[in-house]
$ cat data13.csv   # CSV, C-alpha atoms
chain,number,residue,atom,x,y,z
I,281,MET,CA,23.7,240.6,123.2
I,282,ARG,CA,25.3,237.4,124.5
I,283,SER,CA,22.1,236.6,126.4
I,284,SER,CA,20.0,237.2,123.4
I,285,PHE,CA,22.3,235.1,121.2
I,286,LEU,CA,22.2,232.1,123.7
I,287,LEU,CA,18.4,232.4,124.0
I,288,GLY,CA,18.3,232.3,120.2
I,289,ILE,CA,20.3,229.1,120.1
I,290,VAL,CA,18.2,227.5,122.7
I,291,ALA,CA,14.9,228.5,121.0
I,292,PHE,CA,16.2,227.3,117.7
I,293,ALA,CA,17.4,224.0,119.2
I,294,LEU,CA,14.0,223.4,120.9
I,295,GLY,CA,12.2,224.1,117.7
I,296,ALA,CA,14.5,221.6,115.9
I,297,LEU,CA,13.9,219.0,118.5
I,298,ALA,CA,10.1,219.4,118.3
I,299,GLY,CA,10.2,218.7,114.6
I,300,CYS,CA,12.5,215.7,114.7
I,301,GLY,CA,11.0,212.4,113.8
I,302,GLN,CA,12.2,209.6,116.1
I,303,LYS,CA,13.1,206.3,114.5
I,304,GLU,CA,15.5,203.5,115.4
I,305,ALA,CA,19.2,204.1,114.3
I,306,ASN,CA,20.2,201.2,112.2
I,307,THR,CA,23.2,202.7,110.5
I,308,GLU,CA,26.8,202.2,111.6
I,309,LEU,CA,29.1,205.1,112.8
I,310,ALA,CA,30.6,205.3,109.3
I,311,GLU,CA,27.2,206.2,107.9
I,312,VAL,CA,26.9,208.9,110.5
I,313,ALA,CA,30.1,210.5,109.1
I,314,THR,CA,28.7,210.5,105.5
I,315,HIS,CA,25.0,211.4,106.1
I,316,ASP,CA,23.8,214.3,103.9
I,317,HIS,CA,22.6,217.3,105.9
I,318,ASP,CA,21.8,220.9,105.3
I,319,HIS,CA,24.4,222.7,107.6
I,320,GLU,CA,22.7,226.0,107.3
I,321,GLU,CA,19.8,224.7,109.5
I,322,GLU,CA,22.0,224.3,112.6
I,323,PRO,CA,23.7,227.0,114.7
I,324,ASP,CA,27.5,227.2,114.5
I,325,GLY,CA,29.3,225.1,117.1
I,326,ILE,CA,26.4,222.9,118.0
I,327,VAL,CA,26.9,219.1,117.6
I,328,MET,CA,23.8,217.0,117.2
I,329,LEU,CA,23.8,213.3,118.1
I,330,HIS,CA,20.7,211.2,118.4
I,331,ASP,CA,20.2,209.5,121.8
I,332,GLU,CA,19.9,206.1,120.3
I,333,MET,CA,23.2,206.5,118.4
I,334,ALA,CA,24.9,207.9,121.5
I,335,GLU,CA,23.8,204.9,123.5
I,336,ARG,CA,25.0,202.5,120.8
I,337,PHE,CA,28.5,203.9,120.8
I,338,GLY,CA,28.9,204.4,124.5
I,339,VAL,CA,28.4,208.1,124.9
I,340,ARG,CA,27.9,209.0,128.5
I,341,VAL,CA,27.0,212.4,130.0
I,342,ASP,CA,27.5,213.3,133.7
I,343,SER,CA,26.7,216.3,135.8
I,344,ILE,CA,29.9,217.7,137.2
I,345,TYR,CA,30.4,218.9,140.8
I,346,ALA,CA,33.5,219.8,142.8
I,347,THR,CA,34.9,216.9,144.9
I,348,PRO,CA,38.1,216.1,146.7
I,349,MET,CA,40.9,215.0,144.4
I,350,ALA,CA,44.2,213.4,145.4
I,351,GLY,CA,47.4,215.3,145.0
I,352,SER,CA,49.8,213.7,142.7
I,353,ILE,CA,53.4,213.6,141.4
I,354,ARG,CA,53.9,212.1,138.0
I,355,CYS,CA,57.1,210.3,137.3
I,356,SER,CA,58.6,207.1,135.8
I,357,ALA,CA,59.1,204.0,137.9
I,358,VAL,CA,60.9,200.6,137.6
I,359,ILE,CA,59.3,197.3,138.6
I,360,GLU,CA,61.8,195.0,140.4
I,361,ARG,CA,61.5,191.6,142.1
I,362,GLY,CA,60.9,191.9,145.8
I,363,VAL,CA,63.3,190.7,148.5
I,364,GLY,CA,63.2,187.0,148.9
I,365,SER,CA,61.8,186.4,145.4
I,366,GLU,CA,65.0,184.7,144.1
I,367,GLY,CA,66.4,181.5,145.5
I,368,ILE,CA,69.4,179.4,144.6
I,369,ALA,CA,69.5,175.6,144.8
I,370,SER,CA,73.0,174.3,145.9
I,371,ALA,CA,74.7,170.9,145.6
I,372,PRO,CA,74.6,169.1,149.0
I,373,VAL,CA,77.7,167.0,148.1
I,374,ALA,CA,80.4,166.9,145.5
I,375,GLY,CA,79.7,164.6,142.6
I,376,ILE,CA,78.2,164.3,139.1
I,377,ILE,CA,75.0,166.3,138.6
I,378,ARG,CA,71.9,165.2,136.8
I,379,TYR,CA,69.1,167.8,136.4
I,380,ARG,CA,65.5,166.8,137.1
I,381,VAL,CA,63.9,170.1,136.0
I,382,ASN,CA,64.0,172.4,132.9
I,383,VAL,CA,64.3,176.2,132.5
I,384,GLY,CA,60.8,177.7,132.6
I,385,GLN,CA,59.3,174.9,134.8
I,386,THR,CA,57.3,176.0,137.8
I,387,ILE,CA,58.1,174.1,141.0
I,388,GLY,CA,57.3,174.2,144.7
I,389,SER,CA,59.5,174.8,147.7
I,390,GLY,CA,61.6,171.7,148.5
I,391,THR,CA,61.3,170.3,145.0
I,392,PRO,CA,64.5,168.4,143.9
I,393,VAL,CA,66.0,170.3,141.0
I,394,ALA,CA,69.0,168.0,140.5
I,395,SER,CA,70.5,164.8,141.9
I,396,ILE,CA,74.2,164.5,142.8
I,397,ASN,CA,76.0,161.1,142.5
I,398,ALA,CA,79.0,161.3,144.9
I,399,SER,CA,79.9,157.6,144.5
I,400,ALA,CA,80.6,158.2,140.8
I,401,VAL,CA,83.9,160.1,141.5
I,402,ALA,CA,87.2,159.2,143.1
I,403,GLY,CA,87.1,159.4,146.8
I,404,GLY,CA,83.5,158.2,147.1
I,405,ASN,CA,80.7,159.8,149.1
I,406,ALA,CA,82.2,161.7,152.0
I,407,ASN,CA,78.7,162.0,153.5
I,408,LEU,CA,78.4,158.2,153.8
I,409,ALA,CA,81.6,158.1,155.8
I,410,ALA,CA,80.3,160.9,158.0
I,411,LYS,CA,77.1,158.9,158.5
I,412,ALA,CA,79.1,155.8,159.5
I,413,ALA,CA,81.1,157.9,162.0
I,414,LEU,CA,77.8,159.4,163.4
I,415,ASP,CA,76.4,155.9,163.9
I,416,ALA,CA,79.5,154.7,165.7
I,417,ALA,CA,79.5,157.8,168.0
I,418,GLU,CA,75.9,157.3,168.9
I,419,ALA,CA,76.5,153.7,169.7
I,420,GLU,CA,79.5,154.6,171.9
I,421,VAL,CA,77.5,157.2,173.9
I,422,LYS,CA,74.7,154.7,174.3
I,423,ARG,CA,77.2,152.1,175.6
I,424,LEU,CA,78.9,154.4,178.1
I,425,LYS,CA,75.9,156.1,179.5
I,426,PRO,CA,74.7,153.3,181.9
I,427,LEU,CA,78.3,152.6,182.8
I,428,PHE,CA,78.9,156.2,183.7
I,429,GLU,CA,75.7,156.2,185.8
I,430,GLU,CA,77.0,153.2,187.7
I,431,LYS,CA,80.4,154.9,188.0
I,432,LEU,CA,82.1,152.1,186.1
I,433,VAL,CA,83.7,154.7,183.7
I,434,THR,CA,85.1,158.1,184.5
I,435,ALA,CA,83.4,161.4,183.7
I,436,SER,CA,86.1,162.4,181.3
I,437,GLU,CA,85.6,159.2,179.3
I,438,TYR,CA,81.9,159.7,179.0
I,439,GLN,CA,82.3,163.5,178.1
I,440,ALA,CA,84.8,162.6,175.4
I,441,ALA,CA,82.3,160.2,173.8
I,442,VAL,CA,79.6,162.9,174.0
I,443,ALA,CA,81.9,165.5,172.3
I,444,ALA,CA,82.7,163.0,169.6
I,445,LEU,CA,79.0,162.5,168.9
I,446,GLY,CA,78.6,166.3,168.5
I,447,GLN,CA,81.4,166.4,166.0
I,448,ALA,CA,79.9,163.5,164.0
I,449,ARG,CA,76.5,165.2,163.9
I,450,ALA,CA,78.1,168.4,162.6
I,451,ALA,CA,80.0,166.5,159.8
I,452,TYR,CA,76.9,164.6,158.6
I,453,SER,CA,74.3,166.3,156.4
I,454,PRO,CA,70.9,164.6,156.3
I,455,ALA,CA,70.0,166.7,153.3
I,456,ALA,CA,73.1,165.5,151.5
I,457,ALA,CA,72.3,161.8,152.2
I,458,GLY,CA,69.7,161.8,149.4
I,459,GLY,CA,72.1,163.6,147.1
I,460,ALA,CA,69.4,166.0,145.9
I,461,ALA,CA,69.7,169.8,145.4
I,462,LEU,CA,66.4,171.3,146.6
I,463,SER,CA,64.6,174.5,145.6
I,464,PRO,CA,64.5,176.9,148.6
I,465,ILE,CA,61.3,178.6,147.3
I,466,ALA,CA,58.3,178.1,145.1
I,467,GLY,CA,58.7,179.7,141.7
I,468,THR,CA,60.0,179.3,138.2
I,469,VAL,CA,63.3,177.8,137.2
I,470,THR,CA,65.1,180.6,135.3
I,471,SER,CA,68.6,179.3,135.0
I,472,LEU,CA,70.6,176.0,135.3
I,473,LEU,CA,74.2,176.9,136.4
I,474,ALA,CA,76.1,173.7,135.6
I,475,ALA,CA,76.3,171.4,132.6
I,476,ASP,CA,74.3,168.2,133.0
I,477,GLY,CA,76.6,165.3,133.8
I,478,SER,CA,79.5,167.5,135.0
I,479,PHE,CA,81.3,167.4,138.3
I,480,ILE,CA,80.5,170.0,140.9
I,481,GLU,CA,81.8,170.7,144.4
I,482,ALA,CA,79.7,170.6,147.5
I,483,GLY,CA,77.9,173.9,148.1
I,484,ALA,CA,78.1,174.9,144.4
I,485,PRO,CA,75.0,176.7,143.1
I,486,VAL,CA,73.2,174.6,140.5
I,487,ALA,CA,69.9,176.5,139.7
I,488,ILE,CA,68.2,179.8,140.1
I,489,ILE,CA,64.5,179.9,141.0
I,490,THR,CA,62.5,183.1,140.9
I,491,ALA,CA,59.1,184.0,142.2
I,492,ASP,CA,57.1,187.0,140.9
I,493,GLN,CA,54.4,187.0,143.4
I,494,ARG,CA,55.9,189.9,145.3
I,495,LEU,CA,57.3,192.9,143.4
I,496,THR,CA,58.7,196.3,144.3
I,497,LEU,CA,58.0,199.6,142.5
I,498,ARG,CA,60.9,202.1,142.7
I,499,ALA,CA,59.8,205.6,141.6
I,500,LYS,CA,62.3,208.4,141.2
I,501,THR,CA,61.4,212.1,141.1
I,502,SER,CA,63.2,215.4,141.5
I,503,SER,CA,64.7,216.1,144.9
I,504,ASP,CA,62.5,219.1,145.1
I,505,ASN,CA,59.6,216.7,145.8
I,506,TYR,CA,61.4,215.0,148.8
I,507,SER,CA,59.2,216.6,151.4
I,508,ARG,CA,56.0,215.8,149.4
I,509,LEU,CA,56.9,212.1,149.3
I,510,ARG,CA,56.2,211.8,153.0
I,511,ASP,CA,52.5,212.5,152.2
I,512,VAL,CA,52.3,209.9,149.5
I,513,THR,CA,49.8,207.1,150.5
I,514,ASP,CA,49.5,205.2,147.3
I,515,VAL,CA,50.6,204.8,143.7
I,516,ARG,CA,48.7,204.4,140.4
I,517,LEU,CA,50.7,202.9,137.6
I,518,GLN,CA,50.1,202.6,133.9
I,519,THR,CA,51.4,199.4,132.3
I,520,SER,CA,52.8,199.2,128.8
I,521,ASP,CA,49.4,198.0,127.4
I,522,GLY,CA,47.7,201.1,128.9
I,523,ARG,CA,46.0,199.5,132.0
I,524,LEU,CA,45.8,201.6,135.1
I,525,ILE,CA,46.5,199.8,138.4
I,526,LEU,CA,46.1,201.2,141.9
I,527,LEU,CA,48.7,199.5,144.1
I,528,SER,CA,46.4,199.6,147.2
I,529,SER,CA,44.2,197.0,145.4
I,530,LEU,CA,47.3,194.7,145.2
I,531,GLY,CA,48.3,195.1,148.8
I,532,GLY,CA,50.8,197.9,148.1
I,533,LYS,CA,52.8,199.1,151.0
I,534,SER,CA,55.4,201.9,151.1
I,535,GLY,CA,59.0,200.7,151.8
I,536,GLY,CA,60.6,204.1,152.5
I,537,ILE,CA,62.0,207.3,151.0
I,538,SER,CA,65.6,208.1,150.1
I,539,SER,CA,67.6,210.9,148.5
I,540,ASP,CA,70.4,210.4,146.0
I,541,GLY,CA,72.0,213.4,144.4
I,542,GLY,CA,69.4,215.4,142.6
I,543,TYR,CA,66.7,212.7,142.9
I,544,ALA,CA,64.3,211.5,145.6
I,545,THR,CA,63.1,207.9,145.5
I,546,ILE,CA,60.1,206.1,147.1
I,547,THR,CA,59.5,202.3,147.0
I,548,PHE,CA,56.3,200.3,147.2
I,549,THR,CA,56.1,196.6,147.6
I,550,PHE,CA,53.0,194.9,146.3
I,551,ASN,CA,51.4,191.5,145.2
I,552,ASN,CA,51.7,190.8,141.5
I,553,ASP,CA,48.4,190.0,139.9
I,554,GLY,CA,50.2,187.9,137.3
I,555,THR,CA,50.2,190.6,134.6
I,556,ILE,CA,53.1,192.8,135.7
I,557,ALA,CA,56.5,191.9,134.4
I,558,PRO,CA,59.6,192.5,136.6
I,559,GLY,CA,62.2,194.7,134.9
I,560,SER,CA,59.6,196.8,133.1
I,561,THR,CA,59.4,200.6,133.3
I,562,VAL,CA,56.0,202.2,133.9
I,563,GLN,CA,54.4,205.6,134.2
I,564,ALA,CA,53.4,206.3,137.8
I,565,TRP,CA,51.4,208.8,139.8
I,566,LEU,CA,52.4,209.2,143.4
I,567,LEU,CA,49.1,210.0,145.2
I,568,SER,CA,48.5,211.8,148.5
I,569,SER,CA,45.2,212.6,150.2
I,570,GLY,CA,43.3,215.6,148.7
I,571,ASP,CA,41.1,217.7,151.0
I,572,GLU,CA,40.3,220.6,148.7
I,573,ASN,CA,37.2,220.3,146.5
I,574,VAL,CA,38.0,220.8,142.9
I,575,ILE,CA,36.3,220.3,139.5
I,576,SER,CA,37.8,217.4,137.8
I,577,LEU,CA,36.9,215.1,134.9
I,578,PRO,CA,38.0,211.6,133.8
I,579,LEU,CA,40.7,211.7,131.2
I,580,THR,CA,38.3,210.0,128.8
I,581,ALA,CA,36.3,213.3,128.7
I,582,ILE,CA,39.2,215.3,127.2
I,583,THR,CA,39.9,215.6,123.5
I,584,GLU,CA,42.9,217.5,122.0
I,585,GLN,CA,42.8,219.4,118.8
I,586,GLN,CA,45.8,221.5,117.5
I,587,GLY,CA,47.5,221.5,120.9
I,588,GLU,CA,44.4,222.6,122.8
I,589,SER,CA,42.1,220.7,125.1
I,590,PHE,CA,38.3,220.5,124.8
I,591,VAL,CA,35.3,218.9,126.3
I,592,TYR,CA,31.7,218.5,125.0
I,593,ARG,CA,28.9,220.0,127.1
I,594,GLU,CA,25.3,218.9,126.7
I,595,ILE,CA,23.3,222.1,126.3
I,596,LEU,CA,20.1,220.4,125.4
I,597,PRO,CA,19.1,216.8,124.8
I,598,GLU,CA,21.0,215.5,121.8
I,599,HIS,CA,22.8,218.9,121.4
I,600,TYR,CA,26.4,219.3,122.4
I,601,LEU,CA,28.8,222.3,122.5
I,602,LYS,CA,32.6,222.0,122.3
I,603,ILE,CA,34.2,223.9,125.2
I,604,PRO,CA,37.9,224.8,125.5
I,605,VAL,CA,39.3,223.9,129.0
I,606,THR,CA,42.4,224.6,130.9
I,607,LEU,CA,43.8,221.5,132.6
I,608,GLY,CA,45.5,221.2,136.0
I,609,SER,CA,47.2,218.2,137.7
I,610,SER,CA,46.2,214.7,136.9
I,611,ASP,CA,46.2,211.5,139.1
I,612,GLY,CA,46.4,209.2,136.1
I,613,GLU,CA,42.6,208.7,136.0
I,614,ARG,CA,41.1,212.2,136.4
I,615,VAL,CA,42.4,215.7,135.7
I,616,GLN,CA,41.6,219.0,137.4
I,617,ILE,CA,39.8,221.5,135.3
I,618,LEU,CA,41.0,225.1,136.0
I,619,SER,CA,38.7,226.8,133.6
I,620,GLY,CA,35.9,226.1,131.1
I,621,VAL,CA,33.6,223.9,133.2
I,622,GLU,CA,31.3,225.0,136.0
I,623,GLU,CA,29.5,223.0,138.6
I,624,GLY,CA,26.3,221.5,137.3
I,625,ASN,CA,27.5,221.4,133.7
I,626,ARG,CA,26.6,218.1,131.9
I,627,ILE,CA,29.8,216.9,130.2
I,628,VAL,CA,30.4,213.9,127.9
I,629,THR,CA,32.7,211.7,130.0
I,630,SER,CA,33.0,208.7,127.6
I,631,GLY,CA,32.4,208.1,124.0
I,632,VAL,CA,34.0,211.4,123.1
I,633,THR,CA,35.3,210.0,119.8
I,634,THR,CA,31.7,209.5,118.6
I,635,VAL,CA,30.7,213.1,119.3
I,636,ARG,CA,33.9,214.4,117.7
I,637,LEU,CA,33.2,212.4,114.6
I,638,ALA,CA,29.7,213.8,114.4
I,639,GLU,CA,31.2,217.3,114.8
I,640,SER,CA,33.9,216.9,112.1
I,641,SER,CA,31.5,215.5,109.6
I,642,GLY,CA,28.7,218.0,110.4
I,643,ALA,CA,26.4,215.0,110.1
I,644,ILE,CA,23.1,214.3,111.9
I,645,PRO,CA,22.7,210.7,112.9
I,646,SER,CA,20.0,208.6,111.4
I,647,GLY,CA,16.7,209.5,113.1
I,648,HIS,CA,17.1,213.3,112.4
I,649,ASN,CA,15.5,214.7,109.4
I,650,HIS,CA,15.1,218.5,109.2
I,651,SER,CA,13.4,218.6,105.8
I,652,HIS,CA,10.0,219.8,106.9

$ encode --input "data13.csv" --output "C-alpha cells"
Amino acid sequence: MRSSFLLGIVAFALGALAGCGQKEANTELAEVATHDHDHEEEPDGIVMLHDEMAERFGVRVDSIYATPMAGSIRCSAVIERGVGSEGIASAPVAGIIRYRVNVGQTIGSGTPVASINASAVAGGNANLAAKAALDAAEAEVKRLKPLFEEKLVTASEYQAAVAALGQARAAYSPAAAGGAALSPIAGTVTSLLAADGSFIEAGAPVAIITADQRLTLRAKTSSDNYSRLRDVTDVRLQTSDGRLILLSSLGGKSGGISSDGGYATITFTFNNDGTIAPGSTVQAWLLSSGDENVISLPLTAITEQQGESFVYREILPEHYLKIPVTLGSSDGERVQILSGVEEGNRIVTSGVTTVRLAESSGAIPSGHNHSH
C-alpha cells in the first residue's frame, strides 16, 4: 500500500505540473502567504513552491552524500589578549610629567607618550649630572691611554680611569636625556596613570598601551574530554553577532592543554581580524579530523517545530516534503543526520524559511493556477 500511495502522489504531482501555467512571479513573499488556493487539490504534506519564487528568495536544493565530518566538542570560550599585547611606558627620570597623547589614541612603537621635566624640581636633573660625569671620564681615559702606552703612567692609574668610565656609563641614561616616556609597543593608549603636571619618580609607569593584533582563545570543557583534546586541530567560534570564524583562517595555533579540577582547558593563539573584542565570551567548537563518512547537512537546512527537527526534501520539481530528522553532533557549521535522510536525497539547504512559510500558509506561489 505504501508503494501504491507514493506512486499516487507522484502521478498526481506530475499531472499538476503538466497543467501549470508558467508566468513570472511578480508578487512579494507576503503575497505568497495570502494567495487563495483550493487545498483539496494537493496531496497532504506536499509543499509547492514555484522555481522563480524559490530563486527570488534564495531557496537552494542540494543532493546529499556521505562525506567525512570533523569530530567536535562544543563548549564556551573566553577571548584574551595574547602575551606581549600590553606595554607600559615608564618615566626615564624624576620630574613633572606632561602627556603628549590621549586615551584611545593609536600610536607606534617608540612614540613619546609624555615628557618629563626634571629641571622643574628641586635637585635638578640628575641625568645631566651623570652626563657630565660621563664626559669627564671619557676625556680622562682618552688622556691617559697614550701615556699608558708610553709607560708614562702606571697600569693601575689607567685601569682606575677605565673603571670610572664604566661606572659613568652605567649612571647615564641616553633615553632619559630627552626626558620622554616612550611606548614599548604599537597599539592603543588605554590608560594614563598619572595626573598631567604632577611629579613622578624615575621608573614610575605613566601609560598603558594595548595591542589587539594577537589574541588567545581559552576554551574550557569537562575533564572527561581531556584525552580528546589532544586530537583537536582547530577551533570554530561564533561571535556575539552570529558570525562563524575558523581560527585556522586567522593563523590559529594551539598553545597547550591543561587540567584544573573537573575541567580541561585548551588555548589557541590567533591573529585578530579587527572584529573580535578581547574579554568577550564566545561559543566554540573544538574540531578534530574526521575519517568516517557520515550524512550531514548545513545548519541552515534544519527547521525546528514544537521541539522536533525537520528538513524539506524535493520529491519533484517545485514539490517539497517535510521530513523529520534525528540530529547528531555538530561542528558549528554542519550537523550529522542520524535518521530521516538518505544518500541521493535532494534537500533544501538554504532558504528554508520561504518553504516553511509556503507550507504554513498552504499557498501556491504566483505562477501556479490549478483552476482548469

$ residues_around --input "data13.csv" --residues "I:Leu509" --least-positions-apart "3" --cutoff "8 Å" --atoms "all atoms listed in the file" --output "number ranges by chain"
I: 505-506, 512, 537, 546, 566

$ closest_residue --input "data13.csv" --among "I:Ala484, I:Ile387, I:Val562, I:Ile326" --to "I:Val358" --atoms "all atoms listed in the file"
I:Val562

$ closest_residue --input "data13.csv" --among "I:Ile480, I:Val591, I:Val363, I:Val433" --to "I:Thr549" --atoms "all atoms listed in the file"
I:Val363

$ closest_residue --input "data13.csv" --among "I:Thr583, I:Ser365, I:Ser539, I:Ser520" --to "I:Asp492" --atoms "all atoms listed in the file"
I:Ser365

$ closest_residue --input "data13.csv" --among "I:Ala466, I:Ile368, I:Ala544, I:Val383" --to "I:Val486" --atoms "only C-alpha atoms"
I:Ile368
